[in-house]
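Novice: Sharing my_file-v5.csv (CSV, C-alpha atoms) below.
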chain,number,residue,atom,x,y,z
A,1264,MET,CA,146.0,82.9,165.1
A,1265,SER,CA,147.9,84.4,168.0
A,1266,GLU,CA,147.5,82.7,171.3
A,1267,ASN,CA,144.3,83.5,173.2
A,1268,SER,CA,145.0,84.7,176.7
A,1269,ASP,CA,141.8,86.5,177.4
A,1270,ARG,CA,138.9,84.0,177.4
A,1271,PRO,CA,135.5,85.1,178.7
A,1272,THR,CA,135.1,84.9,182.5
A,1273,ARG,CA,131.7,83.3,182.2
A,1274,GLN,CA,129.8,81.0,180.0
A,1275,ARG,CA,128.3,82.6,176.9
A,1276,VAL,CA,124.5,82.7,176.7
A,1277,THR,CA,122.9,80.9,173.8
A,1278,LEU,CA,120.4,83.3,172.3
A,1279,THR,CA,117.8,80.8,171.3
A,1280,ASP,CA,115.4,81.9,168.5
A,1281,ILE,CA,117.0,85.3,168.4
A,1282,SER,CA,115.8,87.5,165.5
A,1283,SER,CA,118.4,89.5,163.5
A,1284,ARG,CA,116.3,92.5,164.4
A,1285,ALA,CA,117.9,92.2,167.9
A,1286,TRP,CA,121.3,93.4,166.6
A,1287,GLU,CA,120.3,95.5,163.6
A,1288,HIS,CA,120.9,99.2,164.0
A,1289,PRO,CA,117.5,101.0,163.9
A,1290,ALA,CA,118.3,102.7,160.5
A,1291,ASP,CA,119.3,99.3,159.1
A,1292,ARG,CA,116.4,97.5,160.6
A,1293,GLY,CA,113.8,99.9,159.3
A,1294,ALA,CA,114.8,99.3,155.7
A,1295,LEU,CA,115.2,95.6,156.1
A,1296,VAL,CA,111.7,95.1,157.7
A,1297,ALA,CA,110.1,97.0,154.9
A,1298,LEU,CA,111.9,94.9,152.2
A,1299,ARG,CA,111.2,91.6,154.0
A,1300,GLN,CA,107.5,92.3,153.9
A,1301,LEU,CA,107.4,92.8,150.1
A,1302,LYS,CA,105.5,89.7,149.0
A,1303,GLY,CA,107.6,87.6,146.7
A,1304,PHE,CA,110.5,89.9,146.8
A,1305,ASP,CA,113.1,87.4,148.0
A,1306,TYR,CA,112.0,84.8,145.3
A,1307,VAL,CA,112.1,87.3,142.4
A,1308,LEU,CA,115.5,88.6,143.4
A,1309,ARG,CA,117.0,85.2,143.9
A,1310,LYS,CA,115.9,84.3,140.4
A,1311,MET,CA,117.6,87.3,138.9
A,1312,SER,CA,120.9,85.5,138.7
A,1313,GLY,CA,122.4,88.1,136.4
A,1314,LEU,CA,122.7,90.6,139.3
A,1315,ILE,CA,125.6,88.8,140.9
A,1316,ASN,CA,127.2,85.5,139.7
A,1317,GLU,CA,127.5,84.0,143.1
A,1318,ARG,CA,128.1,80.5,141.5
A,1319,ALA,CA,131.2,81.9,139.8
A,1320,PHE,CA,132.4,83.5,143.0
A,1321,ARG,CA,131.9,80.3,145.0
A,1322,LEU,CA,133.7,78.3,142.4
A,1323,GLN,CA,136.6,80.8,142.5
A,1324,TYR,CA,137.0,80.3,146.2
A,1325,LEU,CA,136.4,76.6,146.0
A,1326,GLY,CA,139.3,76.4,143.6
A,1327,SER,CA,141.7,78.9,145.2
A,1328,ALA,CA,140.9,79.1,148.9
A,1329,ILE,CA,140.5,76.7,151.8
A,1330,ARG,CA,137.0,75.6,152.8
A,1331,VAL,CA,136.9,75.4,156.6
A,1332,ASP,CA,135.6,72.2,158.2
A,1333,GLU,CA,136.6,69.7,160.9
A,1334,ARG,CA,139.8,68.8,159.0
A,1335,GLN,CA,140.9,72.1,157.5
A,1336,PHE,CA,141.4,75.0,160.0
A,1337,PRO,CA,139.7,73.0,162.7
A,1338,THR,CA,140.2,75.7,165.3
A,1339,VAL,CA,138.5,78.3,163.1
A,1340,ASN,CA,135.8,75.7,162.4
A,1341,ARG,CA,135.2,75.3,166.2
A,1342,LEU,CA,135.0,79.1,166.7
A,1343,TYR,CA,132.7,79.4,163.8
A,1344,THR,CA,130.3,76.7,164.9
A,1345,GLU,CA,130.4,78.1,168.5
A,1346,ALA,CA,129.6,81.6,167.3
A,1347,ALA,CA,126.7,80.2,165.2
A,1348,SER,CA,125.4,78.2,168.1
A,1349,THR,CA,125.4,81.3,170.3
A,1350,LEU,CA,123.5,83.2,167.7
A,1351,ASP,CA,121.3,80.2,167.1
A,1352,VAL,CA,122.2,80.0,163.4
A,1353,ARG,CA,120.8,76.7,162.3
A,1354,GLU,CA,122.0,76.6,158.7
A,1355,LEU,CA,125.7,77.5,158.5
A,1356,PRO,CA,127.0,79.3,155.5
A,1357,GLU,CA,130.1,77.8,153.9
A,1358,LEU,CA,133.3,79.4,155.3
A,1359,PHE,CA,136.5,79.9,153.3
A,1360,VAL,CA,139.9,81.2,154.2
A,1361,THR,CA,141.7,82.9,151.4
A,1362,ASN,CA,145.4,84.0,151.2
A,1363,SER,CA,145.5,87.8,151.5
A,1364,PRO,CA,147.5,90.4,153.5
A,1365,ILE,CA,144.5,92.6,153.8
A,1366,TRP,CA,142.6,92.6,157.1
A,1367,ASN,CA,139.1,91.8,155.9
A,1368,ALA,CA,136.2,89.4,155.8
A,1369,VAL,CA,133.1,89.4,153.6
A,1370,THR,CA,129.8,87.7,153.2
A,1371,ILE,CA,128.9,87.0,149.6
A,1372,GLY,CA,125.8,85.8,147.8
A,1373,MET,CA,122.1,86.2,147.6
A,1374,ASP,CA,120.6,82.7,147.3
A,1375,LYS,CA,123.1,80.8,149.4
A,1376,PRO,CA,125.5,83.2,151.0
A,1377,PHE,CA,129.0,82.1,152.1
A,1378,ILE,CA,131.7,83.8,154.2
A,1379,VAL,CA,135.3,84.5,153.2
A,1380,VAL,CA,138.0,85.4,155.8
A,1381,ASN,CA,141.4,86.7,154.7
A,1382,SER,CA,144.4,84.9,156.2
A,1383,ALA,CA,145.7,88.2,157.6
A,1384,LEU,CA,142.9,88.1,160.2
A,1385,LEU,CA,143.9,84.6,161.3
A,1386,GLN,CA,147.5,85.7,161.8
A,1387,GLY,CA,146.6,88.9,163.7
A,1388,LEU,CA,143.7,88.0,165.9
A,1389,ASP,CA,143.4,85.7,168.9
A,1390,GLU,CA,140.6,83.2,169.2
A,1391,GLU,CA,138.1,85.5,170.9
A,1392,GLU,CA,138.8,88.3,168.4
A,1393,LEU,CA,138.3,85.9,165.5
A,1394,ARG,CA,135.0,84.8,167.1
A,1395,PHE,CA,133.9,88.4,167.0
A,1396,VAL,CA,134.7,88.7,163.3
A,1397,LEU,CA,132.9,85.4,162.5
A,1398,GLY,CA,129.9,86.6,164.5
A,1399,HIS,CA,129.9,89.8,162.6
A,1400,GLU,CA,129.8,88.0,159.3
A,1401,LEU,CA,127.1,85.6,160.5
A,1402,GLY,CA,125.1,88.7,161.5
A,1403,HIS,CA,125.4,90.0,157.9
A,1404,ALA,CA,124.2,86.6,156.6
A,1405,GLN,CA,121.3,86.3,159.0
A,1406,SER,CA,120.2,89.9,158.3
A,1407,GLY,CA,120.3,89.3,154.5
A,1408,HIS,CA,122.5,92.3,153.9
A,1409,ALA,CA,124.0,90.8,150.7
A,1410,LEU,CA,120.6,90.0,149.3
A,1411,TYR,CA,119.0,93.4,149.8
A,1412,GLN,CA,122.1,95.5,149.0
A,1413,SER,CA,122.4,93.5,145.7
A,1414,LEU,CA,118.9,94.8,144.8
A,1415,LEU,CA,119.8,98.3,145.6
A,1416,MET,CA,123.0,98.1,143.6
A,1417,TRP,CA,121.0,96.9,140.6
A,1418,LEU,CA,118.6,99.7,141.0
A,1419,MET,CA,121.5,102.1,141.1
A,1420,ARG,CA,122.8,100.7,137.8
A,1421,LEU,CA,119.4,101.2,136.3
A,1422,THR,CA,119.4,104.8,137.4
A,1423,GLY,CA,122.6,105.3,135.6
A,1424,ALA,CA,120.6,105.2,132.4
A,1425,PHE,CA,119.6,108.8,133.3
A,1426,ASN,CA,123.1,109.9,134.1
A,1427,TRP,CA,123.4,111.9,130.9
A,1428,MET,CA,120.8,114.4,132.3
A,1429,PRO,CA,122.1,116.8,135.0
A,1430,ILE,CA,119.1,115.9,137.2
A,1431,GLY,CA,119.9,112.2,136.6
A,1432,ALA,CA,123.5,112.7,137.8
A,1433,LEU,CA,122.3,114.4,141.0
A,1434,GLY,CA,119.7,111.6,141.5
A,1435,LEU,CA,122.3,108.9,141.1
A,1436,ARG,CA,124.7,110.6,143.5
A,1437,ALA,CA,121.9,110.8,146.1
A,1438,ILE,CA,121.1,107.1,145.6
A,1439,ILE,CA,124.8,106.2,146.0
A,1440,ALA,CA,125.0,108.3,149.1
A,1441,ALA,CA,121.9,106.6,150.5
A,1442,LEU,CA,123.3,103.2,149.7
A,1443,HIS,CA,126.6,103.9,151.5
A,1444,GLU,CA,124.7,105.3,154.5
A,1445,TRP,CA,122.8,102.0,154.7
A,1446,SER,CA,125.9,100.0,154.2
A,1447,ARG,CA,127.6,101.9,157.1
A,1448,LYS,CA,124.7,101.2,159.4
A,1449,ALA,CA,124.7,97.5,158.3
A,1450,GLU,CA,128.3,97.3,159.5
A,1451,LEU,CA,127.3,98.6,162.9
A,1452,SER,CA,124.6,95.9,162.9
A,1453,GLY,CA,127.3,93.3,162.1
A,1454,ASP,CA,129.5,94.6,165.0
A,1455,ARG,CA,126.6,94.1,167.4
A,1456,ALA,CA,126.1,90.6,166.2
A,1457,GLY,CA,129.9,90.0,166.7
A,1458,LEU,CA,129.6,91.3,170.2
A,1459,LEU,CA,126.7,89.0,170.9
A,1460,ALA,CA,128.7,86.1,169.6
A,1461,THR,CA,131.7,86.7,171.8
A,1462,GLN,CA,129.8,88.4,174.7
A,1463,ASP,CA,132.9,90.3,175.8
A,1464,PRO,CA,133.0,94.1,175.0
A,1465,ALA,CA,136.7,94.2,175.6
A,1466,VAL,CA,137.2,91.8,172.7
A,1467,ALA,CA,135.1,93.8,170.3
A,1468,LEU,CA,137.1,96.9,171.2
A,1469,ARG,CA,140.4,95.1,170.6
A,1470,VAL,CA,139.3,94.1,167.1
A,1471,GLN,CA,138.6,97.7,166.1
A,1472,MET,CA,142.0,98.7,167.6
A,1473,LYS,CA,143.8,96.0,165.7
A,1474,LEU,CA,141.9,96.8,162.4
A,1475,ALA,CA,143.0,100.4,162.8
A,1476,SER,CA,146.6,99.7,163.6
A,1477,GLY,CA,147.4,96.6,161.6
A,1478,GLY,CA,147.6,94.5,164.8
A,1479,GLN,CA,149.9,96.6,166.9
A,1480,LEU,CA,147.9,96.3,170.0
A,1481,GLY,CA,150.9,96.5,172.3
A,1482,GLU,CA,151.5,100.0,171.1
A,1483,LEU,CA,148.0,101.2,171.8
A,1484,ASP,CA,146.0,102.6,174.7
A,1485,THR,CA,142.3,101.9,175.0
A,1486,THR,CA,141.4,105.2,176.6
A,1487,ALA,CA,143.4,107.2,174.0
A,1488,PHE,CA,141.8,105.2,171.2
A,1489,LEU,CA,138.2,105.9,172.4
A,1490,ALA,CA,139.2,109.5,172.9
A,1491,GLN,CA,140.0,109.7,169.2
A,1492,GLY,CA,136.3,108.9,168.4
A,1493,THR,CA,135.2,111.7,170.7
A,1494,GLU,CA,137.7,114.1,169.1
A,1495,TYR,CA,136.7,113.1,165.6
A,1496,GLU,CA,133.0,113.8,166.3
A,1497,SER,CA,133.5,117.1,168.0
A,1498,ALA,CA,136.8,118.7,166.9
A,1499,GLY,CA,137.4,121.4,164.3
A,1500,ASP,CA,135.1,124.0,162.8
A,1501,LEU,CA,132.5,124.0,160.0
A,1502,ARG,CA,135.2,123.3,157.4
A,1503,ASP,CA,136.0,120.0,159.2
A,1504,SER,CA,132.2,119.2,159.3
A,1505,VAL,CA,132.0,119.5,155.6
A,1506,LEU,CA,135.1,117.5,155.0
A,1507,LYS,CA,133.8,114.7,157.2
A,1508,LEU,CA,130.5,114.6,155.2
A,1509,LEU,CA,132.5,114.4,151.9
A,1510,LEU,CA,134.8,111.8,153.4
A,1511,LEU,CA,131.9,109.5,154.5
A,1512,GLU,CA,129.9,109.9,151.3
A,1513,ALA,CA,131.8,107.2,149.4
A,1514,GLN,CA,132.6,105.0,152.5
A,1515,SER,CA,130.9,101.6,152.7
A,1516,HIS,CA,132.2,101.1,156.3
A,1517,PRO,CA,132.3,103.4,159.3
A,1518,LEU,CA,135.7,104.6,160.4
A,1519,ALA,CA,137.3,102.3,162.9
A,1520,VAL,CA,137.3,104.8,165.9
A,1521,ILE,CA,133.6,105.5,165.2
A,1522,ARG,CA,132.7,101.8,165.1
A,1523,ALA,CA,134.3,101.4,168.5
A,1524,HIS,CA,132.5,104.5,169.8
A,1525,GLU,CA,129.1,103.3,168.5
A,1526,LEU,CA,129.5,99.8,169.9
A,1527,ARG,CA,130.6,101.2,173.3
A,1528,ARG,CA,127.5,103.4,173.3
A,1529,TRP,CA,125.2,100.4,172.5
A,1530,VAL,CA,126.7,98.7,175.5
A,1531,ASP,CA,126.5,101.7,177.8
A,1532,GLU,CA,122.8,102.4,176.9
A,1533,GLY,CA,121.9,98.9,178.1
A,1534,GLU,CA,120.5,97.2,175.0
A,1535,TYR,CA,123.3,94.7,174.8
A,1536,THR,CA,122.8,93.7,178.5
A,1537,THR,CA,119.0,93.4,177.9
A,1538,ILE,CA,119.6,91.0,175.0
A,1539,VAL,CA,122.1,88.7,176.8
A,1540,SER,CA,119.7,88.6,179.7
A,1541,GLY,CA,117.2,86.9,177.4
A,1542,ASP,CA,114.9,89.8,176.4
A,1543,TYR,CA,115.1,90.1,172.7
A,1544,PRO,CA,112.8,89.8,169.6
A,1545,LYS,CA,112.3,86.2,168.4
A,1546,ARG,CA,112.5,85.2,164.7
A,1547,GLN,CA,109.1,83.7,164.8
A,1548,GLU,CA,107.8,87.2,165.4
A,1549,ASP,CA,109.5,88.7,162.3
A,1550,ALA,CA,106.4,88.6,160.1
A,1551,ASP,CA,104.6,90.7,162.6
A,1552,ALA,CA,107.2,93.5,162.7
A,1553,SER,CA,105.7,96.9,162.1
A,1554,ILE,CA,107.1,98.8,159.2
A,1555,SER,CA,105.7,102.1,160.6
A,1556,GLN,CA,107.2,101.5,164.0
A,1557,GLU,CA,110.6,100.6,162.6
A,1558,ALA,CA,110.5,103.7,160.5
A,1559,LYS,CA,109.8,105.7,163.7
A,1560,ASN,CA,112.7,103.9,165.4
A,1561,ALA,CA,115.0,104.8,162.6
A,1562,ALA,CA,113.9,108.5,162.7
A,1563,LYS,CA,114.3,108.5,166.4
A,1564,SER,CA,117.8,107.1,166.1
A,1565,TYR,CA,118.9,109.8,163.7
A,1566,SER,CA,117.2,112.5,165.8
A,1567,GLU,CA,119.0,111.3,169.0
A,1568,ALA,CA,122.4,111.1,167.2
A,1569,PHE,CA,121.9,114.7,165.9
A,1570,SER,CA,120.9,115.9,169.4
A,1571,ARG,CA,123.9,114.5,171.1
A,1572,SER,CA,126.4,115.3,168.3
A,1573,GLN,CA,129.2,117.7,169.2
A,1574,ASP,CA,130.0,118.2,165.5
A,1575,PRO,CA,130.3,122.0,164.8
A,1576,LEU,CA,127.8,121.8,161.9
A,1577,ALA,CA,125.3,119.9,164.0
A,1578,LYS,CA,125.6,122.4,166.9
A,1579,LEU,CA,125.1,125.3,164.5
A,1580,LEU,CA,122.0,123.7,163.1
A,1581,ARG,CA,120.7,123.1,166.6
A,1582,ASP,CA,121.4,126.7,167.5
A,1583,LEU,CA,119.6,127.9,164.4
A,1584,GLY,CA,116.7,125.7,165.2
A,1585,GLU,CA,116.5,127.1,168.8
A,1586,GLY,CA,116.8,130.6,167.4
A,1587,LEU,CA,114.0,130.1,164.9
A,1588,GLY,CA,111.9,128.6,167.7
A,1589,GLY,CA,112.5,131.7,169.8
A,1590,VAL,CA,111.6,134.0,167.0
A,1591,ARG,CA,108.4,132.0,166.4
A,1592,ASP,CA,107.5,132.2,170.1
A,1593,TRP,CA,108.1,136.0,170.1
A,1594,VAL,CA,106.0,136.5,167.0
A,1595,SER,CA,103.2,134.4,168.5
A,1596,SER,CA,103.2,136.5,171.7
A,1597,LYS,CA,103.1,139.8,169.8
A,1598,PHE,CA,100.6,138.7,167.2
A,1599,PRO,CA,98.4,136.1,168.8
A,1600,PRO,CA,96.1,134.2,166.4
A,1601,ARG,CA,92.6,135.6,166.0
A,1602,ASN,CA,89.5,133.5,166.4
Could you quickly redo this structure as structure tokens?
Specialist:
Amino acid sequence: MSENSDRPTRQRVTLTDISSRAWEHPADRGALVALRQLKGFDYVLRKMSGLINERAFRLQYLGSAIRVDERQFPTVNRLYTEAASTLDVRELPELFVTNSPIWNAVTIGMDKPFIVVNSALLQGLDEEELRFVLGHELGHAQSGHALYQSLLMWLMRLTGAFNWMPIGALGLRAIIAALHEWSRKAELSGDRAGLLATQDPAVALRVQMKLASGGQLGELDTTAFLAQGTEYESAGDLRDSVLKLLLLEAQSHPLAVIRAHELRRWVDEGEYTTIVSGDYPKRQEDADASISQEAKNAAKSYSEAFSRSQDPLAKLLRDLGEGLGGVRDWVSSKFPPRN
């Protein structure tokens, strides 16, 4: 790890009993709350060991990677346990470091998830940046993303049995697109967990800048990087809008500048500050979470994103909606309903 010269200026707050619902993006949380309340769902899925051979994956890493503990990668272990303590994670998933030049980390497994961090991250990130990444993966583990996405991937494979039919192919593509959309929102949830673990928005932004550049932070400018996100969302014409839709369709992760943009918005809108101030949902209240309310929150999130979007296609659709509304009002005024 590179030397850490930017430690937090204040003590991190321990988020005692925090529920994963606190950091989950509304679109992610709505789906998760519904799945969590399916009686016996977790038990049945965990018994379907054929979906993902996590025992084989764990053995692979046990034999070829380094399991982090007090004796192996002790600094990483300290950061990991501190991040877990901040998020009040009481059962730590196993953590492995594997030799890879790719900047990536992943949470694997349904029954007993574990986390794998590639060595490139250790070489390119300072301590606080690595804390963010570890908090991000702990967020995935606490939310159960690997568990629920495994079910959906299995359902997707079942749907492939109908792929020989034209309608089946369209249906499969729609399911894949929906899965990727959920996956992208789950990554935003993980970013929020990472920020709560480090409690320093500047650190979270640096991670996204390094991921986008391969670590060349000295060559980058924060304002210019954030401006890229704004330009990506608003620049171009309808052709660019369609290209962006096609580009994202098969992406499991949001693009780096968009991740930074979304996390900055979460901070600016005040939800992050509310949580670190101690006002957040508790895990003992998870069973009482309302599916209908979370569905409304998810719909509201998409509606607000559409309303503020500067994308040319979104603006065209808004203008069409306003035009149709005007026509409807004109027709109503000329032809009032009769009693």
Novice: For a quick check of understanding, using all atoms listed in the file, which of A:Asp1454, A:Glu1444, A:Asp1332, A:Asp1389 has the smallest distance to Tyr1535 in chain A?
Specialist: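 Closest residue, counting all atoms listed in the file: A:Asp1454.
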Novice: My list of candidates is A:Leu1393, A:Pro1464, A:Arg1275, A:Gln1323. Which is closest to Asp1531 in chain A when distances are computed with only C-alpha atoms?
Specialist: A:Pro1464
Novice: For each of A:Leu1322, A:Pro1364, A:Arg1455, A:Gly1398, take the minimum atom-to-atom distance to Ile1538 in chain A, counting only C-alpha atoms, then give the residue where this is smallest.
Specialist: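 Result for the nearest residue to Ile1538 in chain A: A:Arg1455.
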Novice: Around (136.4, 88.3, 163.8) in the file's frame, which residues reach within 12 Å when counting only C-alpha atoms? Return as a ChimeraX atom specification?
Specialist: /A:1264,1339,1342-1343,1346,1366-1369,1378-1402,1453-1458,1460-1461,1466-1471,1473-1474
Novice: Suppose we keep C-alpha atoms; can you now write the selection as a short mmCIF file (atom, residue, chain, number, x, y, z; two decimals), in the frame of the given file?
Specialist:
data_model
loop_
_atom_site.label_atom_id
_atom_site.label_comp_id
_atom_site.auth_asym_id
_atom_site.auth_seq_id
_atom_site.Cartn_x
_atom_site.Cartn_y
_atom_site.Cartn_z
CA MET A 1264 146.00 82.90 165.10
CA VAL A 1339 138.50 78.30 163.10
CA LEU A 1342 135.00 79.10 166.70
CA TYR A 1343 132.70 79.40 163.80
CA ALA A 1346 129.60 81.60 167.30
CA TRP A 1366 142.60 92.60 157.10
CA ASN A 1367 139.10 91.80 155.90
CA ALA A 1368 136.20 89.40 155.80
CA VAL A 1369 133.10 89.40 153.60
CA ILE A 1378 131.70 83.80 154.20
CA VAL A 1379 135.30 84.50 153.20
CA VAL A 1380 138.00 85.40 155.80
CA ASN A 1381 141.40 86.70 154.70
CA SER A 1382 144.40 84.90 156.20
CA ALA A 1383 145.70 88.20 157.60
CA LEU A 1384 142.90 88.10 160.20
CA LEU A 1385 143.90 84.60 161.30
CA GLN A 1386 147.50 85.70 161.80
CA GLY A 1387 146.60 88.90 163.70
CA LEU A 1388 143.70 88.00 165.90
CA ASP A 1389 143.40 85.70 168.90
CA GLU A 1390 140.60 83.20 169.20
CA GLU A 1391 138.10 85.50 170.90
CA GLU A 1392 138.80 88.30 168.40
CA LEU A 1393 138.30 85.90 165.50
CA ARG A 1394 135.00 84.80 167.10
CA PHE A 1395 133.90 88.40 167.00
CA VAL A 1396 134.70 88.70 163.30
CA LEU A 1397 132.90 85.40 162.50
CA GLY A 1398 129.90 86.60 164.50
CA HIS A 1399 129.90 89.80 162.60
CA GLU A 1400 129.80 88.00 159.30
CA LEU A 1401 127.10 85.60 160.50
CA GLY A 1402 125.10 88.70 161.50
CA GLY A 1453 127.30 93.30 162.10
CA ASP A 1454 129.50 94.60 165.00
CA ARG A 1455 126.60 94.10 167.40
CA ALA A 1456 126.10 90.60 166.20
CA GLY A 1457 129.90 90.00 166.70
CA LEU A 1458 129.60 91.30 170.20
CA ALA A 1460 128.70 86.10 169.60
CA THR A 1461 131.70 86.70 171.80
CA VAL A 1466 137.20 91.80 172.70
CA ALA A 1467 135.10 93.80 170.30
CA LEU A 1468 137.10 96.90 171.20
CA ARG A 1469 140.40 95.10 170.60
CA VAL A 1470 139.30 94.10 167.10
CA GLN A 1471 138.60 97.70 166.10
CA LYS A 1473 143.80 96.00 165.70
CA LEU A 1474 141.90 96.80 162.40
#
Novice: List the residues sitting within 12 Å of (110.2, 83.5, 164.8) in the file's frame, using all atoms listed in the file, as an mmCIF file with C-alpha atoms, keeping the file's coordinate frame.
Specialist:
data_model
loop_
_atom_site.group_PDB
_atom_site.id
_atom_site.type_symbol
_atom_site.label_atom_id
_atom_site.label_comp_id
_atom_site.auth_asym_id
_atom_site.auth_seq_id
_atom_site.Cartn_x
_atom_site.Cartn_y
_atom_site.Cartn_z
ATOM 1 C CA THR A 1279 117.800 80.800 171.300
ATOM 2 C CA ASP A 1280 115.400 81.900 168.500
ATOM 3 C CA ILE A 1281 117.000 85.300 168.400
ATOM 4 C CA SER A 1282 115.800 87.500 165.500
ATOM 5 C CA SER A 1283 118.400 89.500 163.500
ATOM 6 C CA ARG A 1284 116.300 92.500 164.400
ATOM 7 C CA ASP A 1351 121.300 80.200 167.100
ATOM 8 C CA TYR A 1543 115.100 90.100 172.700
ATOM 9 C CA PRO A 1544 112.800 89.800 169.600
ATOM 10 C CA LYS A 1545 112.300 86.200 168.400
ATOM 11 C CA ARG A 1546 112.500 85.200 164.700
ATOM 12 C CA GLN A 1547 109.100 83.700 164.800
ATOM 13 C CA GLU A 1548 107.800 87.200 165.400
ATOM 14 C CA ASP A 1549 109.500 88.700 162.300
ATOM 15 C CA ALA A 1550 106.400 88.600 160.100
ATOM 16 C CA ASP A 1551 104.600 90.700 162.600
ATOM 17 C CA ALA A 1552 107.200 93.500 162.700
#
